[in-house]
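Asker: This is final14.txt, which holds compact mmCIF, N, CA and C atoms:
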```
# COMPACT_ATOMS: atom_id res chain seq x y z
N MET A 847 -6.10 25.40 7.06
CA MET A 847 -5.85 24.23 7.87
C MET A 847 -5.35 23.09 6.98
N ASP A 848 -4.32 22.44 7.45
CA ASP A 848 -3.73 21.33 6.70
C ASP A 848 -4.49 20.05 7.01
N LYS A 849 -5.14 19.47 6.03
CA LYS A 849 -5.93 18.26 6.25
C LYS A 849 -5.21 17.01 5.82
N ASP A 850 -3.90 17.10 5.65
CA ASP A 850 -3.10 15.95 5.25
C ASP A 850 -2.43 15.28 6.42
N LYS A 851 -2.75 15.72 7.64
CA LYS A 851 -2.10 15.17 8.83
C LYS A 851 -3.15 14.56 9.76
N ILE A 852 -2.76 13.44 10.38
CA ILE A 852 -3.60 12.78 11.37
C ILE A 852 -2.83 12.78 12.67
N VAL A 853 -3.38 13.42 13.70
CA VAL A 853 -2.73 13.50 15.01
C VAL A 853 -3.47 12.60 15.98
N VAL A 854 -2.73 11.68 16.60
CA VAL A 854 -3.30 10.78 17.60
C VAL A 854 -2.74 11.20 18.95
N VAL A 855 -3.58 11.83 19.77
CA VAL A 855 -3.16 12.26 21.10
C VAL A 855 -3.02 11.02 21.97
N GLY A 856 -1.89 10.90 22.64
CA GLY A 856 -1.60 9.67 23.38
C GLY A 856 -1.13 8.58 22.44
N GLY A 857 -0.52 9.00 21.36
CA GLY A 857 -0.18 8.09 20.26
C GLY A 857 0.87 7.05 20.54
N TYR A 858 1.62 7.18 21.62
CA TYR A 858 2.62 6.16 21.93
C TYR A 858 2.23 5.31 23.13
N GLY A 859 1.02 5.51 23.64
CA GLY A 859 0.49 4.63 24.70
C GLY A 859 -0.02 3.34 24.08
N HIS A 860 -0.56 2.47 24.90
CA HIS A 860 -0.98 1.15 24.42
C HIS A 860 -2.03 1.24 23.31
N VAL A 861 -3.14 1.90 23.57
CA VAL A 861 -4.21 2.00 22.57
C VAL A 861 -3.80 2.92 21.44
N GLY A 862 -3.21 4.07 21.79
CA GLY A 862 -2.78 5.02 20.76
C GLY A 862 -1.77 4.45 19.80
N ALA A 863 -0.85 3.65 20.31
CA ALA A 863 0.17 3.03 19.45
C ALA A 863 -0.46 2.07 18.45
N THR A 864 -1.45 1.33 18.89
CA THR A 864 -2.16 0.42 17.99
C THR A 864 -2.85 1.21 16.89
N ILE A 865 -3.50 2.30 17.26
CA ILE A 865 -4.18 3.14 16.28
C ILE A 865 -3.17 3.75 15.31
N CYS A 866 -2.06 4.26 15.85
CA CYS A 866 -1.03 4.86 14.99
C CYS A 866 -0.46 3.85 14.00
N LYS A 867 -0.21 2.64 14.46
CA LYS A 867 0.35 1.63 13.57
C LYS A 867 -0.61 1.30 12.44
N GLU A 868 -1.88 1.15 12.77
CA GLU A 868 -2.88 0.85 11.74
C GLU A 868 -3.00 2.01 10.75
N LEU A 869 -3.12 3.22 11.27
CA LEU A 869 -3.24 4.39 10.39
C LEU A 869 -1.95 4.61 9.60
N GLY A 870 -0.80 4.34 10.24
CA GLY A 870 0.48 4.49 9.56
C GLY A 870 0.61 3.58 8.35
N ASN A 871 0.04 2.40 8.44
CA ASN A 871 0.06 1.48 7.30
C ASN A 871 -0.82 2.01 6.16
N LEU A 872 -1.91 2.68 6.51
CA LEU A 872 -2.82 3.23 5.50
C LEU A 872 -2.35 4.57 4.95
N TYR A 873 -1.77 5.40 5.83
CA TYR A 873 -1.36 6.75 5.46
C TYR A 873 0.07 7.02 5.93
N PRO A 874 1.05 6.33 5.37
CA PRO A 874 2.43 6.48 5.84
C PRO A 874 2.94 7.92 5.74
N GLY A 875 3.59 8.36 6.82
CA GLY A 875 4.16 9.70 6.86
C GLY A 875 3.18 10.81 7.18
N ARG A 876 1.91 10.48 7.29
CA ARG A 876 0.89 11.50 7.56
C ARG A 876 0.33 11.39 8.97
N VAL A 877 0.76 10.39 9.72
CA VAL A 877 0.25 10.14 11.06
C VAL A 877 1.27 10.62 12.09
N TYR A 878 0.78 11.32 13.13
CA TYR A 878 1.64 11.85 14.19
C TYR A 878 1.23 11.26 15.52
N ALA A 879 2.19 10.64 16.21
CA ALA A 879 1.98 10.14 17.57
C ALA A 879 2.29 11.29 18.51
N ALA A 880 1.25 11.84 19.12
CA ALA A 880 1.41 13.03 19.95
C ALA A 880 1.30 12.68 21.42
N GLY A 881 2.10 13.39 22.22
CA GLY A 881 2.05 13.22 23.66
C GLY A 881 2.97 14.20 24.34
N ARG A 882 2.98 14.19 25.66
CA ARG A 882 3.79 15.14 26.42
C ARG A 882 5.28 14.91 26.27
N SER A 883 5.69 13.67 26.03
CA SER A 883 7.11 13.34 25.96
C SER A 883 7.55 13.14 24.51
N LEU A 884 8.33 14.08 24.02
CA LEU A 884 8.85 13.94 22.66
C LEU A 884 9.78 12.73 22.57
N GLU A 885 10.53 12.47 23.62
CA GLU A 885 11.45 11.32 23.62
C GLU A 885 10.70 10.00 23.46
N LYS A 886 9.60 9.84 24.18
CA LYS A 886 8.80 8.61 24.06
C LYS A 886 8.17 8.51 22.68
N ALA A 887 7.71 9.63 22.16
CA ALA A 887 7.11 9.63 20.82
C ALA A 887 8.16 9.26 19.77
N GLU A 888 9.37 9.80 19.91
CA GLU A 888 10.43 9.48 18.96
C GLU A 888 10.81 8.00 19.04
N ALA A 889 10.90 7.47 20.26
CA ALA A 889 11.25 6.05 20.42
C ALA A 889 10.19 5.16 19.77
N PHE A 890 8.92 5.48 19.98
CA PHE A 890 7.85 4.70 19.36
C PHE A 890 7.92 4.80 17.84
N CYS A 891 8.11 6.00 17.32
CA CYS A 891 8.10 6.21 15.88
C CYS A 891 9.24 5.49 15.17
N ARG A 892 10.35 5.31 15.85
CA ARG A 892 11.46 4.55 15.25
C ARG A 892 11.02 3.12 14.95
N GLU A 893 10.09 2.60 15.71
CA GLU A 893 9.59 1.23 15.50
C GLU A 893 8.70 1.12 14.26
N THR A 894 8.25 2.25 13.73
CA THR A 894 7.31 2.22 12.61
C THR A 894 7.98 2.47 11.26
N ALA A 895 9.29 2.53 11.23
CA ALA A 895 10.05 2.73 9.99
C ALA A 895 9.60 3.99 9.24
N GLY A 896 9.31 5.05 9.98
CA GLY A 896 8.96 6.31 9.35
C GLY A 896 7.51 6.48 8.96
N LYS A 897 6.70 5.47 9.20
CA LYS A 897 5.28 5.58 8.84
C LYS A 897 4.54 6.53 9.78
N VAL A 898 5.01 6.62 11.03
CA VAL A 898 4.41 7.50 12.03
C VAL A 898 5.49 8.48 12.47
N ARG A 899 5.11 9.73 12.67
CA ARG A 899 6.05 10.78 13.07
C ARG A 899 5.76 11.22 14.51
N PRO A 900 6.79 11.68 15.22
CA PRO A 900 6.60 12.13 16.60
C PRO A 900 6.12 13.58 16.67
N LEU A 901 5.38 13.88 17.74
CA LEU A 901 4.92 15.25 17.96
C LEU A 901 4.75 15.47 19.46
N ARG A 902 5.38 16.52 19.98
CA ARG A 902 5.18 16.88 21.38
C ARG A 902 3.90 17.71 21.45
N PHE A 903 2.97 17.29 22.30
CA PHE A 903 1.69 17.97 22.43
C PHE A 903 1.14 17.74 23.83
N ASP A 904 0.86 18.84 24.53
CA ASP A 904 0.35 18.75 25.90
C ASP A 904 -0.99 19.49 25.97
N LEU A 905 -2.07 18.75 26.14
CA LEU A 905 -3.40 19.34 26.20
C LEU A 905 -3.54 20.33 27.33
N ARG A 906 -2.75 20.19 28.37
CA ARG A 906 -2.85 21.09 29.52
C ARG A 906 -2.39 22.50 29.17
N GLN A 907 -1.68 22.64 28.06
CA GLN A 907 -1.18 23.97 27.68
C GLN A 907 -2.12 24.71 26.73
N LEU A 908 -3.28 24.16 26.48
CA LEU A 908 -4.26 24.84 25.60
C LEU A 908 -5.02 25.89 26.37
```
Starting from the file, lay out its structure as C-alpha cells.

Answerer:
Amino acid sequence: MDKDKIVVVGGYGHVGATICKELGNLYPGRVYAAGRSLEKAEAFCRETAGKVRPLRFDLRQL
C-alpha cells in the first residue's frame, strides 16, 4: 500500500476543498481531490497550482 498519498473524498466540495487546500500546502502533490466528476476535480485542482491532484472516485461502485 502506498502511504504517500492523501485522498479526500468529496475533495472539490465546500468542506473538502478547504481540507484539500490546507493539506495541499503541507503536502504538495500528495493530496488527491476525489469525487464522482473528474471534470469538477480537475477544475478545482487547477486552482491549487498543482498542489492537489484530481481523482475520479465513486463510493457507490465499491

Asker: Mind pulling up the distance from CA of Lys886 (chain A) to atom C of Phe903 (chain A)?

Answerer: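 For atom C of Phe903 (chain A) relative to CA of Lys886 (chain A), the distance reads 11.9 Å.
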
Asker: Mind listing the strand (DSSP E or B) residues of chain A, per DSSP on the backbone, as a PyMOL selection string?

Answerer: chain A and resi 852-855+877-881+898-902

Asker: Which one is closest to Ser883 (chain A): A:Gly857, A:Asn871, A:Thr864, A:Gly896? Count only C-alpha atoms.

Answerer: A:Gly857

Asker: When you draw a straight line from CA of Glu885 (chain A) to atom C of Val855 (chain A), how long is it in Å?

Answerer: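 So the two atoms, CA of Glu885 (chain A) and atom C of Val855 (chain A), lie 14.6 Å apart.
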
Asker: Between atom C of Glu868 (chain A) and atom C of Arg892 (chain A), what is the distance in Å, rounded to a tenth?

Answerer: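 These atoms are spaced 14.7 Å apart.
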
Asker: Which polymer residues have any atom within 6 Å of an atom of Lys897 (chain A), counting all atoms listed in the file, with same-chain residues fewer than 5 positions away left out, as a list in words?

Answerer: Gly870, Tyr873, Pro874, Gly875, Arg876 and Val877 of chain A

Asker: Can you work out which one of A:Ala879, A:Leu908, A:Cys891, A:Leu869 has the shortest atom-to-atom distance to Gly856 (chain A), counting only N, CA and C atoms?

Answerer: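 When distances to Gly856 (chain A) are compared using only N, CA and C atoms, the smallest one comes from A:Ala879.
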
Asker: Give me the residues near Thr894 (chain A) as a ChimeraX atom specification, where near means some atom within 8 Å (using only C-alpha atoms) and where sequence neighbours in that chain fewer than 4 positions away do not count.

Answerer: /A:867,870,890,898

Asker: So, with only C-alpha atoms as the atoms that count, which of A:Glu893, A:Val854, A:Arg902, A:His860 lies closest to Gly881 (chain A)?

Answerer: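 Nearest to Gly881 (chain A): A:Arg902.
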
Asker: Could you complete region 872-883 of chain A so that it carries all heavy atoms, and give it back as a PDB file, keeping the file's coordinate frame?

Answerer:
```pdb
ATOM      1  N   LEU A 872      -1.910   2.680   6.510  1.00  0.00           N
ATOM      2  CA  LEU A 872      -2.820   3.230   5.500  1.00  0.00           C
ATOM      3  C   LEU A 872      -2.350   4.570   4.950  1.00  0.00           C
ATOM      4  O   LEU A 872      -2.541   4.866   3.762  1.00  0.00           O
ATOM      5  CB  LEU A 872      -4.223   3.393   6.087  1.00  0.00           C
ATOM      6  CG  LEU A 872      -4.943   2.119   6.510  1.00  0.00           C
ATOM      7  CD1 LEU A 872      -6.217   2.457   7.273  1.00  0.00           C
ATOM      8  CD2 LEU A 872      -5.267   1.271   5.287  1.00  0.00           C
ATOM      9  N   TYR A 873      -1.770   5.400   5.830  1.00  0.00           N
ATOM     10  CA  TYR A 873      -1.360   6.750   5.460  1.00  0.00           C
ATOM     11  C   TYR A 873       0.070   7.020   5.930  1.00  0.00           C
ATOM     12  O   TYR A 873       0.310   7.845   6.811  1.00  0.00           O
ATOM     13  CB  TYR A 873      -2.301   7.787   6.090  1.00  0.00           C
ATOM     14  CG  TYR A 873      -3.752   7.524   5.819  1.00  0.00           C
ATOM     15  CD1 TYR A 873      -4.570   6.944   6.783  1.00  0.00           C
ATOM     16  CD2 TYR A 873      -4.317   7.839   4.587  1.00  0.00           C
ATOM     17  CE1 TYR A 873      -5.909   6.695   6.543  1.00  0.00           C
ATOM     18  CE2 TYR A 873      -5.650   7.591   4.327  1.00  0.00           C
ATOM     19  CZ  TYR A 873      -6.441   7.016   5.312  1.00  0.00           C
ATOM     20  OH  TYR A 873      -7.767   6.776   5.059  1.00  0.00           O
ATOM     21  N   PRO A 874       1.050   6.330   5.370  1.00  0.00           N
ATOM     22  CA  PRO A 874       2.430   6.480   5.840  1.00  0.00           C
ATOM     23  C   PRO A 874       2.940   7.920   5.740  1.00  0.00           C
ATOM     24  O   PRO A 874       2.718   8.592   4.733  1.00  0.00           O
ATOM     25  CB  PRO A 874       3.228   5.541   4.936  1.00  0.00           C
ATOM     26  CG  PRO A 874       2.348   5.227   3.791  1.00  0.00           C
ATOM     27  CD  PRO A 874       0.940   5.459   4.219  1.00  0.00           C
ATOM     28  N   GLY A 875       3.590   8.360   6.820  1.00  0.00           N
ATOM     29  CA  GLY A 875       4.160   9.700   6.860  1.00  0.00           C
ATOM     30  C   GLY A 875       3.180  10.810   7.180  1.00  0.00           C
ATOM     31  O   GLY A 875       3.576  11.951   7.321  1.00  0.00           O
ATOM     32  N   ARG A 876       1.910  10.480   7.290  1.00  0.00           N
ATOM     33  CA  ARG A 876       0.890  11.500   7.560  1.00  0.00           C
ATOM     34  C   ARG A 876       0.330  11.390   8.970  1.00  0.00           C
ATOM     35  O   ARG A 876      -0.501  12.198   9.366  1.00  0.00           O
ATOM     36  CB  ARG A 876      -0.235  11.387   6.536  1.00  0.00           C
ATOM     37  CG  ARG A 876       0.244  11.734   5.137  1.00  0.00           C
ATOM     38  CD  ARG A 876      -0.784  11.503   4.064  1.00  0.00           C
ATOM     39  NE  ARG A 876      -2.093  12.011   4.417  1.00  0.00           N
ATOM     40  CZ  ARG A 876      -3.202  11.675   3.775  1.00  0.00           C
ATOM     41  NH1 ARG A 876      -3.153  10.855   2.758  1.00  0.00           N
ATOM     42  NH2 ARG A 876      -4.363  12.172   4.134  1.00  0.00           N
ATOM     43  N   VAL A 877       0.760  10.390   9.720  1.00  0.00           N
ATOM     44  CA  VAL A 877       0.250  10.140  11.060  1.00  0.00           C
ATOM     45  C   VAL A 877       1.270  10.620  12.090  1.00  0.00           C
ATOM     46  O   VAL A 877       2.461  10.351  11.955  1.00  0.00           O
ATOM     47  CB  VAL A 877      -0.049   8.639  11.274  1.00  0.00           C
ATOM     48  CG1 VAL A 877      -0.569   8.372  12.670  1.00  0.00           C
ATOM     49  CG2 VAL A 877      -1.025   8.140  10.217  1.00  0.00           C
ATOM     50  N   TYR A 878       0.780  11.320  13.130  1.00  0.00           N
ATOM     51  CA  TYR A 878       1.640  11.850  14.190  1.00  0.00           C
ATOM     52  C   TYR A 878       1.230  11.260  15.520  1.00  0.00           C
ATOM     53  O   TYR A 878       0.060  11.348  15.915  1.00  0.00           O
ATOM     54  CB  TYR A 878       1.541  13.368  14.243  1.00  0.00           C
ATOM     55  CG  TYR A 878       2.197  14.034  13.073  1.00  0.00           C
ATOM     56  CD1 TYR A 878       1.544  14.125  11.853  1.00  0.00           C
ATOM     57  CD2 TYR A 878       3.477  14.538  13.171  1.00  0.00           C
ATOM     58  CE1 TYR A 878       2.151  14.718  10.762  1.00  0.00           C
ATOM     59  CE2 TYR A 878       4.102  15.138  12.083  1.00  0.00           C
ATOM     60  CZ  TYR A 878       3.427  15.219  10.889  1.00  0.00           C
ATOM     61  OH  TYR A 878       4.038  15.798   9.811  1.00  0.00           O
ATOM     62  N   ALA A 879       2.190  10.640  16.210  1.00  0.00           N
ATOM     63  CA  ALA A 879       1.980  10.140  17.570  1.00  0.00           C
ATOM     64  C   ALA A 879       2.290  11.290  18.510  1.00  0.00           C
ATOM     65  O   ALA A 879       3.436  11.690  18.657  1.00  0.00           O
ATOM     66  CB  ALA A 879       2.886   8.946  17.849  1.00  0.00           C
ATOM     67  N   ALA A 880       1.250  11.840  19.120  1.00  0.00           N
ATOM     68  CA  ALA A 880       1.410  13.030  19.950  1.00  0.00           C
ATOM     69  C   ALA A 880       1.300  12.680  21.420  1.00  0.00           C
ATOM     70  O   ALA A 880       0.515  11.824  21.819  1.00  0.00           O
ATOM     71  CB  ALA A 880       0.350  14.057  19.579  1.00  0.00           C
ATOM     72  N   GLY A 881       2.100  13.390  22.220  1.00  0.00           N
ATOM     73  CA  GLY A 881       2.050  13.220  23.660  1.00  0.00           C
ATOM     74  C   GLY A 881       2.970  14.200  24.340  1.00  0.00           C
ATOM     75  O   GLY A 881       3.669  14.980  23.678  1.00  0.00           O
ATOM     76  N   ARG A 882       2.980  14.190  25.660  1.00  0.00           N
ATOM     77  CA  ARG A 882       3.790  15.140  26.420  1.00  0.00           C
ATOM     78  C   ARG A 882       5.280  14.910  26.270  1.00  0.00           C
ATOM     79  O   ARG A 882       6.075  15.828  26.367  1.00  0.00           O
ATOM     80  CB  ARG A 882       3.416  15.083  27.903  1.00  0.00           C
ATOM     81  CG  ARG A 882       2.041  15.631  28.170  1.00  0.00           C
ATOM     82  CD  ARG A 882       1.728  15.580  29.627  1.00  0.00           C
ATOM     83  NE  ARG A 882       1.782  14.198  30.088  1.00  0.00           N
ATOM     84  CZ  ARG A 882       1.042  13.693  31.030  1.00  0.00           C
ATOM     85  NH1 ARG A 882       0.198  14.454  31.678  1.00  0.00           N
ATOM     86  NH2 ARG A 882       1.138  12.435  31.374  1.00  0.00           N
ATOM     87  N   SER A 883       5.690  13.670  26.030  1.00  0.00           N
ATOM     88  CA  SER A 883       7.110  13.340  25.960  1.00  0.00           C
ATOM     89  C   SER A 883       7.550  13.140  24.510  1.00  0.00           C
ATOM     90  O   SER A 883       7.189  12.143  23.871  1.00  0.00           O
ATOM     91  CB  SER A 883       7.400  12.067  26.752  1.00  0.00           C
ATOM     92  OG  SER A 883       8.714  11.622  26.526  1.00  0.00           O
TER      93      SER A 883
END
```
